[in-house]
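Here is data34.tsv, consisting of TSV, C-alpha atoms:
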chain	number	residue	atom	x	y	z
K	1	GLY	CA	0.00	0.00	0.00
K	2	ARG	CA	1.07	3.59	0.66
K	3	ARG	CA	3.84	2.52	3.05
K	4	GLY	CA	5.26	0.25	0.36
K	5	VAL	CA	5.27	3.11	-2.14
K	6	MET	CA	6.74	5.60	0.28
K	7	SER	CA	9.49	3.26	1.48
K	8	ALA	CA	10.37	1.70	-1.87
K	9	ALA	CA	12.81	4.47	-2.63
K	10	ALA	CA	14.23	4.26	0.88
K	11	LEU	CA	15.63	0.76	0.64
K	12	ASP	CA	19.39	0.41	0.89
K	13	TYR	CA	19.94	4.14	1.28
K	14	GLY	CA	23.37	5.09	2.54
K	15	ASP	CA	24.88	8.43	3.48
K	16	TYR	CA	24.99	9.59	-0.12
K	17	GLU	CA	25.09	13.39	-0.24
K	18	TYR	CA	23.01	15.13	-2.89
K	19	GLY	CA	23.60	18.55	-4.26
K	20	GLY	CA	21.35	21.58	-4.22
K	21	ALA	CA	19.23	23.15	-1.56
K	22	ASN	CA	15.95	21.89	-2.99
K	23	SER	CA	15.26	18.42	-1.60
K	24	THR	CA	11.74	18.16	-3.02
K	25	ALA	CA	12.21	14.58	-4.12
K	26	HIS	CA	14.97	13.58	-1.69
K	27	ALA	CA	16.89	12.31	-4.69
K	28	TYR	CA	19.94	11.02	-2.94
K	29	ALA	CA	19.50	7.31	-3.52
K	30	HIS	CA	22.28	5.38	-5.16
K	31	LEU	CA	19.76	2.91	-6.58
K	32	LEU	CA	17.18	5.30	-8.04
K	33	SER	CA	17.53	8.36	-10.20
K	34	GLU	CA	16.10	11.73	-9.22
K	35	GLY	CA	13.29	11.28	-11.73
K	36	GLU	CA	12.41	7.85	-10.36
K	37	VAL	CA	12.27	9.13	-6.80
K	38	ARG	CA	10.03	12.01	-7.89
K	39	ALA	CA	7.79	9.53	-9.72
K	40	LEU	CA	7.50	7.54	-6.50
K	41	ALA	CA	6.62	10.73	-4.63
K	42	ARG	CA	3.86	11.51	-7.13
K	43	ALA	CA	2.56	7.93	-6.92
K	44	SER	CA	2.53	8.15	-3.12
K	45	VAL	CA	0.51	11.37	-3.23
K	46	ALA	CA	-1.96	9.95	-5.77
K	47	VAL	CA	-2.55	6.72	-3.84
K	48	SER	CA	-2.82	8.66	-0.58
K	49	ALA	CA	-5.37	11.07	-2.06
K	50	VAL	CA	-7.64	8.17	-3.03
K	51	SER	CA	-7.19	6.55	0.38
K	52	PHE	CA	-7.88	9.82	2.20
K	53	ALA	CA	-11.06	10.47	0.22
K	54	THR	CA	-12.32	6.91	0.72
K	55	CYS	CA	-11.61	6.92	4.45
K	56	GLY	CA	-13.22	10.33	4.80
K	57	ALA	CA	-16.38	9.12	3.09
K	58	LEU	CA	-16.61	6.06	5.33
K	59	VAL	CA	-16.07	8.08	8.50
K	60	ALA	CA	-18.70	10.60	7.33
K	61	CYS	CA	-21.21	7.76	6.82
K	62	TYR	CA	-20.48	6.49	10.31
K	63	ALA	CA	-20.99	9.97	11.75
K	64	VAL	CA	-24.30	10.74	10.05
K	65	LEU	CA	-25.94	7.30	10.16
K	66	PRO	CA	-26.88	6.32	13.73
K	67	GLU	CA	-27.57	2.72	12.73
K	68	LEU	CA	-23.87	2.29	11.97
K	69	ARG	CA	-22.76	3.26	15.47
K	70	GLN	CA	-22.32	-0.29	16.63
K	71	PHE	CA	-19.23	-1.91	18.11
K	72	ALA	CA	-18.04	-3.54	14.89
K	73	PHE	CA	-18.62	-0.41	12.80
K	74	THR	CA	-16.88	1.71	15.43
K	75	LEU	CA	-13.76	-0.42	15.00
K	76	VAL	CA	-13.93	0.02	11.24
K	77	ALA	CA	-14.34	3.78	11.67
K	78	LEU	CA	-11.26	3.89	13.90
K	79	LEU	CA	-9.31	1.99	11.27
K	80	CYS	CA	-10.46	4.50	8.66
K	81	VAL	CA	-9.40	7.41	10.87
K	82	CYS	CA	-5.92	5.95	11.21
K	83	ASP	CA	-5.61	5.15	7.53
K	84	GLY	CA	-6.96	8.55	6.51
K	85	CYS	CA	-4.54	10.38	8.81
K	86	ALA	CA	-1.62	8.32	7.51
K	87	ALA	CA	-2.70	9.19	3.97
K	88	ALA	CA	-2.91	12.88	4.89
K	89	THR	CA	0.75	12.88	5.95
K	90	ASN	CA	1.74	11.54	2.53
K	91	LEU	CA	-0.17	14.36	0.83
K	92	LEU	CA	2.57	16.65	2.12
K	93	GLY	CA	4.80	15.23	-0.59
K	94	ALA	CA	8.52	15.28	0.21
K	95	PRO	CA	9.34	18.15	2.60
K	96	ALA	CA	12.88	19.43	2.90
K	97	ASP	CA	15.12	17.16	4.93
K	98	GLY	CA	15.58	18.46	8.46
K	99	SER	CA	12.54	20.72	8.35
K	100	ALA	CA	9.78	20.69	10.95
K	101	LEU	CA	7.35	19.56	8.24
K	102	CYS	CA	9.59	16.60	7.44
K	103	GLU	CA	9.75	15.62	11.10
K	104	MET	CA	5.98	15.94	11.47
K	105	GLN	CA	5.34	13.81	8.40
K	106	ALA	CA	7.70	11.11	9.63
K	107	VAL	CA	6.35	10.96	13.18
K	108	LEU	CA	2.65	11.10	12.30
K	109	GLY	CA	3.08	8.74	9.36
K	110	SER	CA	4.77	6.18	11.58
K	111	PHE	CA	2.17	6.54	14.32
K	112	PHE	CA	-0.97	6.28	12.21
K	113	SER	CA	0.39	3.60	9.86
K	114	LEU	CA	1.17	1.23	12.70
K	115	ALA	CA	-2.08	2.09	14.52
K	116	ALA	CA	-4.02	1.18	11.37
K	117	VAL	CA	-2.23	-2.17	11.16
K	118	LEU	CA	-3.03	-2.91	14.81
K	119	TRP	CA	-6.71	-2.03	14.40
K	120	THR	CA	-6.98	-4.63	11.63
K	121	ALA	CA	-5.84	-7.23	14.16
K	122	VAL	CA	-8.49	-6.06	16.64
K	123	ILE	CA	-11.19	-6.25	13.97
K	124	ALA	CA	-10.06	-9.73	12.91
K	125	SER	CA	-10.15	-10.85	16.56
K	126	VAL	CA	-13.69	-9.52	17.06
K	127	LEU	CA	-14.95	-11.09	13.86
K	128	LYS	CA	-13.34	-14.41	14.73
K	129	GLN	CA	-14.91	-14.41	18.16
K	130	GLY	CA	-18.28	-13.70	16.57
K	131	VAL	CA	-18.10	-17.06	14.81
K	132	VAL	CA	-15.88	-19.25	16.98
K	133	SER	CA	-17.05	-18.02	20.42
K	134	PRO	CA	-20.11	-15.77	20.02
K	135	GLN	CA	-20.67	-15.71	23.78
K	136	ALA	CA	-17.36	-13.86	24.22
K	137	LEU	CA	-18.45	-10.86	22.16
K	138	GLY	CA	-20.09	-9.15	25.14
K	139	ASN	CA	-16.84	-9.23	27.09
K	140	MET	CA	-14.93	-7.91	24.09
K	141	ARG	CA	-17.21	-4.87	23.94
K	142	LYS	CA	-16.54	-4.20	27.61
K	143	ARG	CA	-12.81	-4.35	26.97
K	144	ALA	CA	-12.89	-1.67	24.30
K	145	TYR	CA	-10.61	0.53	26.41
K	146	ALA	CA	-7.97	-2.23	26.28
K	147	TYR	CA	-8.08	-2.18	22.48
K	148	HIS	CA	-7.55	1.57	22.47
K	149	LEU	CA	-4.63	1.23	24.86
K	150	PHE	CA	-3.11	-1.54	22.74
K	151	CYS	CA	-3.41	0.25	19.39
K	152	TRP	CA	-2.70	3.85	20.37
K	153	GLY	CA	-0.17	2.98	23.07
K	154	THR	CA	1.86	0.60	20.93
K	155	ALA	CA	1.85	3.00	17.98
K	156	ALA	CA	2.94	5.91	20.19
K	157	ALA	CA	5.79	3.92	21.74
K	158	ALA	CA	6.96	2.77	18.31
K	159	ALA	CA	6.85	6.32	16.94
K	160	CYS	CA	8.92	7.60	19.87
K	161	LEU	CA	11.86	5.23	19.33
K	162	PRO	CA	13.16	6.83	16.10
K	163	ALA	CA	12.58	10.29	17.58
K	164	LEU	CA	14.71	9.46	20.62
K	165	THR	CA	17.55	8.34	18.35
K	166	ALA	CA	17.20	11.22	15.84
K	167	SER	CA	16.40	8.70	13.12
K	168	TYR	CA	13.61	10.59	11.35
K	169	GLY	CA	14.43	12.35	8.11
K	170	ALA	CA	14.46	12.11	4.34
K	171	ALA	CA	13.73	8.54	3.26
K	172	GLY	CA	13.17	8.57	-0.46
K	173	ALA	CA	9.73	9.61	-1.65
K	174	VAL	CA	8.72	10.96	1.77
K	175	CYS	CA	10.16	11.62	5.20
K	176	TRP	CA	10.24	8.56	7.42
K	177	ILE	CA	12.96	6.64	9.28
K	178	VAL	CA	16.33	7.27	7.65
K	179	GLY	CA	18.20	4.47	5.90
K	180	SER	CA	21.19	4.17	8.22
K	181	ALA	CA	22.00	0.84	9.89
K	182	LEU	CA	20.15	1.97	13.01
K	183	GLY	CA	17.31	3.31	10.90
K	184	GLN	CA	16.91	0.02	9.05
K	185	ALA	CA	16.72	-1.81	12.38
K	186	LEU	CA	14.14	0.68	13.68
K	187	ARG	CA	12.03	0.26	10.55
K	188	PHE	CA	11.90	-3.46	11.17
K	189	VAL	CA	11.22	-3.20	14.91
K	190	THR	CA	8.65	-0.39	14.77
K	191	PHE	CA	6.75	-1.27	11.60
K	192	TYR	CA	7.63	-4.34	9.57
K	193	PHE	CA	7.86	-6.85	12.43
K	194	PRO	CA	4.45	-5.82	13.89
K	195	LEU	CA	3.05	-5.85	10.36
K	196	TYR	CA	4.22	-9.42	9.74
K	197	LEU	CA	2.83	-10.53	13.10
K	198	VAL	CA	-0.56	-8.98	12.33
K	199	ILE	CA	-0.64	-10.58	8.88
K	200	ALA	CA	0.06	-13.96	10.48
K	201	TYR	CA	-2.61	-13.40	13.14
K	202	ASN	CA	-5.21	-12.30	10.60
K	203	ALA	CA	-4.43	-15.36	8.48
K	204	TRP	CA	-4.86	-17.58	11.56
K	205	ALA	CA	-8.18	-15.90	12.40
K	206	TYR	CA	-9.35	-16.46	8.82
K	207	TRP	CA	-8.30	-20.11	8.96
K	208	SER	CA	-10.08	-20.59	12.31
K	209	VAL	CA	-13.38	-19.38	10.90
K	210	VAL	CA	-13.02	-21.55	7.81
K	211	GLN	CA	-12.57	-24.59	10.05
K	212	VAL	CA	-15.65	-23.70	12.11
K	213	VAL	CA	-17.77	-23.22	9.01
K	214	ARG	CA	-16.62	-26.52	7.54
K	215	SER	CA	-17.19	-28.52	10.71
K	216	ALA	CA	-20.55	-27.01	11.74
K	217	ARG	CA	-22.95	-26.85	8.88
K	218	GLY	CA	-25.81	-26.17	11.26
K	219	LEU	CA	-24.74	-22.64	12.11
K	220	ALA	CA	-27.50	-20.15	12.79
K	221	ASP	CA	-28.19	-17.51	10.16
K	222	GLU	CA	-26.58	-14.78	12.26
K	223	GLU	CA	-23.43	-16.85	12.75
K	224	ARG	CA	-23.31	-17.56	9.03
K	225	ARG	CA	-23.44	-13.83	8.34
K	226	ARG	CA	-20.56	-13.29	10.74
K	227	ALA	CA	-18.60	-16.06	9.06
K	228	ALA	CA	-19.20	-14.51	5.66
K	229	ALA	CA	-17.98	-11.16	6.99
K	230	LEU	CA	-14.70	-12.65	8.16
K	231	LEU	CA	-14.23	-14.76	5.05
K	232	SER	CA	-14.43	-11.59	2.98
K	233	TYR	CA	-12.14	-9.72	5.38
K	234	SER	CA	-8.95	-10.81	3.62
K	235	ALA	CA	-10.12	-8.89	0.54
K	236	ILE	CA	-10.90	-5.83	2.68
K	237	LEU	CA	-7.35	-5.89	4.09
K	238	LEU	CA	-5.92	-5.81	0.58
K	239	VAL	CA	-7.99	-2.73	-0.23

Structure re-expressed in structure tokens:
Amino acid sequence: GRRGVMSAAALDYGDYEYGGANSTAHAYAHLLSEGEVRALARASVAVSAVSFATCGALVACYAVLPELRQFAFTLVALLCVCDGCAAATNLLGAPADGSALCEMQAVLGSFFSLAAVLWTAVIASVLKQGVVSPQALGNMRKRAYAYHLFCWGTAAAAACLPALTASYGAAGAVCWIVGSALGQALRFVTFYFPLYLVIAYNAWAYWSVVQVVRSARGLADEERRRAAALLSYSAILLV
């Protein structure tokens, strides 16, 4: 998605110095030309604009339609808020390295991108419980505060690590975690490792529901609807 576009030009970046005061495209990669980095920046802005508009429309529907203000839809709205905010940071383009705008884009982009990933895991967990253990759904609603603490708290802690080590800066098409050895490690620890864990968890949740559906053909209509929702969730994650 957007994070893949925005970090594609940041892979294997060294301490290559680039000339000129204008760092609009952060064209200092030794693997990509200035034009290619700028093309990535434009692609990031275009994809982010579509994502921002889509998330905004979904959040607006949630706000104006009372019938959507249910637990499951609230989780989806929170996911859209995170994804929309992450997209908004990419709409800034490629601010000058070292500027306050660059730092803001890097910090907020890291925070909201990871928070969005974590909310997908929460949604997958809730949907799975709706099919595998429907009786546990009531307790999950009561623990909503724990989900907020998990998603927002983890994302905030992860966003603070690069800031504490001065590792935010120009990273190809956008500002993110720089490509030094420490920066590469921080990228993995604060984003890619949690992302891979969530992908694995979501896949396990999907598999769990498939097994329940296959082994219990006598599911009630409501449970079948929940199963169908989770079975289609893998496609939603790709979007």

Could I get the residues of segment 34-140 of chain K with an atom no further than 12 Å from an atom of segment 202-205 of chain K, each paired with its nearest atom pair and that distance in Å to one decimal, using all atoms listed in the file, sorted by chain and residue number, as CSV?
residue,atom,partner,partner_atom,distance
K:Val117,CA,K:Asn202,CA,10.6
K:Leu118,CA,K:Asn202,CA,10.5
K:Trp119,CA,K:Asn202,CA,11.1
K:Thr120,CA,K:Asn202,CA,7.9
K:Ala121,CA,K:Asn202,CA,6.2
K:Val122,CA,K:Asn202,CA,9.3
K:Ile123,CA,K:Asn202,CA,9.1
K:Ala124,CA,K:Asn202,CA,6.0
K:Ser125,CA,K:Ala205,CA,6.8
K:Val126,CA,K:Ala205,CA,9.6
K:Leu127,CA,K:Ala205,CA,8.4
K:Lys128,CA,K:Ala205,CA,5.9
K:Gln129,CA,K:Ala205,CA,9.0
K:Gly130,CA,K:Ala205,CA,11.1
K:Val131,CA,K:Ala205,CA,10.3
K:Val132,CA,K:Ala205,CA,9.6

**Asked** Which of these residues is nearest to Gly109 of chain K, using all atoms listed in the file: K:Ala159, K:Leu78, K:Leu68, K:Ala144?
**Response** K:Ala159

**Item:** Which residue of K:Leu114, K:Gly172, K:Glu67, K:Ala57 approaches Leu197 of chain K most closely, using only C-alpha atoms
**Value:**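 Ranking K:Leu114, K:Gly172, K:Glu67, K:Ala57 by distance to Leu197 of chain K, first place goes to K:Leu114.
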
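From atom CA of Val47 of chain K back to atom CA of Cys80 of chain K, the distance works out to 15.0 Å.
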
**Prompt:** By how many Å are atom CA of Val189 of chain K and atom CA of Gly153 of chain K apart?
**Reply:**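 Answer for the atom CA of Val189 of chain K to atom CA of Gly153 of chain K separation: 15.3 Å.
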
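Counting from atom CA of Gly84 of chain K, the distance to atom CA of Tyr192 of chain K is 19.7 Å.
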
Within 10 Å of segment 175-179 of chain K, which residues of segment 59-95 of chain K show up? Give each one with its shortest atom-to-atom distance in Å (one decimal) and the two atoms involved, counting all atoms listed in the file, rows by chain then rising residue number, as a tab-separated table.
residue	atom	partner	partner_atom	distance
K:Thr89	CA	K:Cys175	CA	9.5
K:Asn90	CA	K:Cys175	CA	8.8
K:Leu92	CA	K:Cys175	CA	9.6
K:Gly93	CA	K:Cys175	CA	8.7
K:Ala94	CA	K:Cys175	CA	6.4
K:Pro95	CA	K:Cys175	CA	7.1

**Request:** Point out the residue among K:Phe188, K:Phe71, K:Tyr62, K:Phe111 with the least atom-to-atom distance to Arg143 of chain K, counting all atoms listed in the file.
**Result:**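 For Arg143 of chain K, the nearest of the given residues is K:Phe71.
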
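Residue nearest Ala157 of chain K within the list K:Ser113, K:Ser51, K:Ser180, K:Thr190: K:Thr190 [criterion: smallest interatomic distance, all atoms listed in the file].
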
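Proximity to Ala171 of chain K was assessed for K:Val59, K:Leu65, K:Ala106, K:Ala39 counting only C-alpha atoms; the smallest distance is recorded for K:Ala106.
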
Atoms are missing here; could segment 36-47 of chain K be completed with all heavy atoms and written as a compact mmCIF listing (two decimals), in the coordinates of the input?
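The file below, selection.txt, is the result:
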# COMPACT_ATOMS: atom_id res chain seq x y z
N GLU K 36 13.13 9.00 -10.90
CA GLU K 36 12.41 7.85 -10.36
C GLU K 36 11.89 8.12 -8.94
O GLU K 36 10.78 7.72 -8.59
CB GLU K 36 13.32 6.62 -10.37
CG GLU K 36 13.60 6.08 -11.76
CD GLU K 36 14.65 5.02 -11.79
OE1 GLU K 36 15.56 5.06 -10.92
OE2 GLU K 36 14.60 4.13 -12.67
N VAL K 37 12.71 8.80 -8.15
CA VAL K 37 12.27 9.13 -6.80
C VAL K 37 11.09 10.09 -6.86
O VAL K 37 10.13 9.97 -6.09
CB VAL K 37 13.42 9.73 -5.97
CG1 VAL K 37 12.93 10.21 -4.62
CG2 VAL K 37 14.52 8.69 -5.78
N ARG K 38 11.15 11.07 -7.76
CA ARG K 38 10.03 12.01 -7.89
C ARG K 38 8.78 11.29 -8.36
O ARG K 38 7.66 11.63 -7.96
CB ARG K 38 10.41 13.13 -8.85
CG ARG K 38 11.38 14.13 -8.24
CD ARG K 38 11.78 15.20 -9.21
NE ARG K 38 12.62 16.21 -8.56
CZ ARG K 38 13.28 17.16 -9.21
NH1 ARG K 38 13.21 17.21 -10.53
NH2 ARG K 38 14.02 18.03 -8.54
N ALA K 39 8.95 10.31 -9.26
CA ALA K 39 7.79 9.53 -9.72
C ALA K 39 7.17 8.76 -8.56
O ALA K 39 5.94 8.68 -8.44
CB ALA K 39 8.22 8.57 -10.83
N LEU K 40 8.02 8.22 -7.68
CA LEU K 40 7.50 7.54 -6.50
C LEU K 40 6.76 8.51 -5.59
O LEU K 40 5.72 8.18 -5.00
CB LEU K 40 8.65 6.89 -5.72
CG LEU K 40 9.15 5.55 -6.26
CD1 LEU K 40 10.40 5.12 -5.50
CD2 LEU K 40 8.07 4.48 -6.14
N ALA K 41 7.29 9.73 -5.46
CA ALA K 41 6.62 10.73 -4.63
C ALA K 41 5.25 11.06 -5.19
O ALA K 41 4.27 11.18 -4.43
CB ALA K 41 7.48 11.99 -4.54
N ARG K 42 5.16 11.21 -6.51
CA ARG K 42 3.86 11.51 -7.13
C ARG K 42 2.89 10.34 -6.96
O ARG K 42 1.70 10.54 -6.70
CB ARG K 42 4.04 11.84 -8.61
CG ARG K 42 4.70 13.19 -8.87
CD ARG K 42 4.57 13.58 -10.34
NE ARG K 42 5.34 12.69 -11.19
CZ ARG K 42 6.61 12.91 -11.55
NH1 ARG K 42 7.25 14.00 -11.12
NH2 ARG K 42 7.25 12.07 -12.35
N ALA K 43 3.41 9.11 -7.10
CA ALA K 43 2.56 7.93 -6.92
C ALA K 43 2.05 7.85 -5.48
O ALA K 43 0.89 7.52 -5.23
CB ALA K 43 3.33 6.67 -7.28
N SER K 44 2.93 8.17 -4.53
CA SER K 44 2.53 8.15 -3.12
C SER K 44 1.42 9.15 -2.86
O SER K 44 0.45 8.86 -2.16
CB SER K 44 3.74 8.46 -2.23
OG SER K 44 3.37 8.54 -0.88
N VAL K 45 1.54 10.35 -3.43
CA VAL K 45 0.51 11.37 -3.23
C VAL K 45 -0.80 10.95 -3.87
O VAL K 45 -1.88 11.12 -3.29
CB VAL K 45 0.98 12.72 -3.81
CG1 VAL K 45 -0.15 13.73 -3.83
CG2 VAL K 45 2.15 13.27 -3.00
N ALA K 46 -0.73 10.37 -5.08
CA ALA K 46 -1.96 9.95 -5.77
C ALA K 46 -2.68 8.85 -5.01
O ALA K 46 -3.90 8.90 -4.79
CB ALA K 46 -1.61 9.48 -7.19
N VAL K 47 -1.94 7.82 -4.59
CA VAL K 47 -2.55 6.72 -3.84
C VAL K 47 -3.12 7.23 -2.52
O VAL K 47 -4.21 6.84 -2.09
CB VAL K 47 -1.51 5.61 -3.59
CG1 VAL K 47 -2.07 4.55 -2.64
CG2 VAL K 47 -1.11 4.96 -4.91
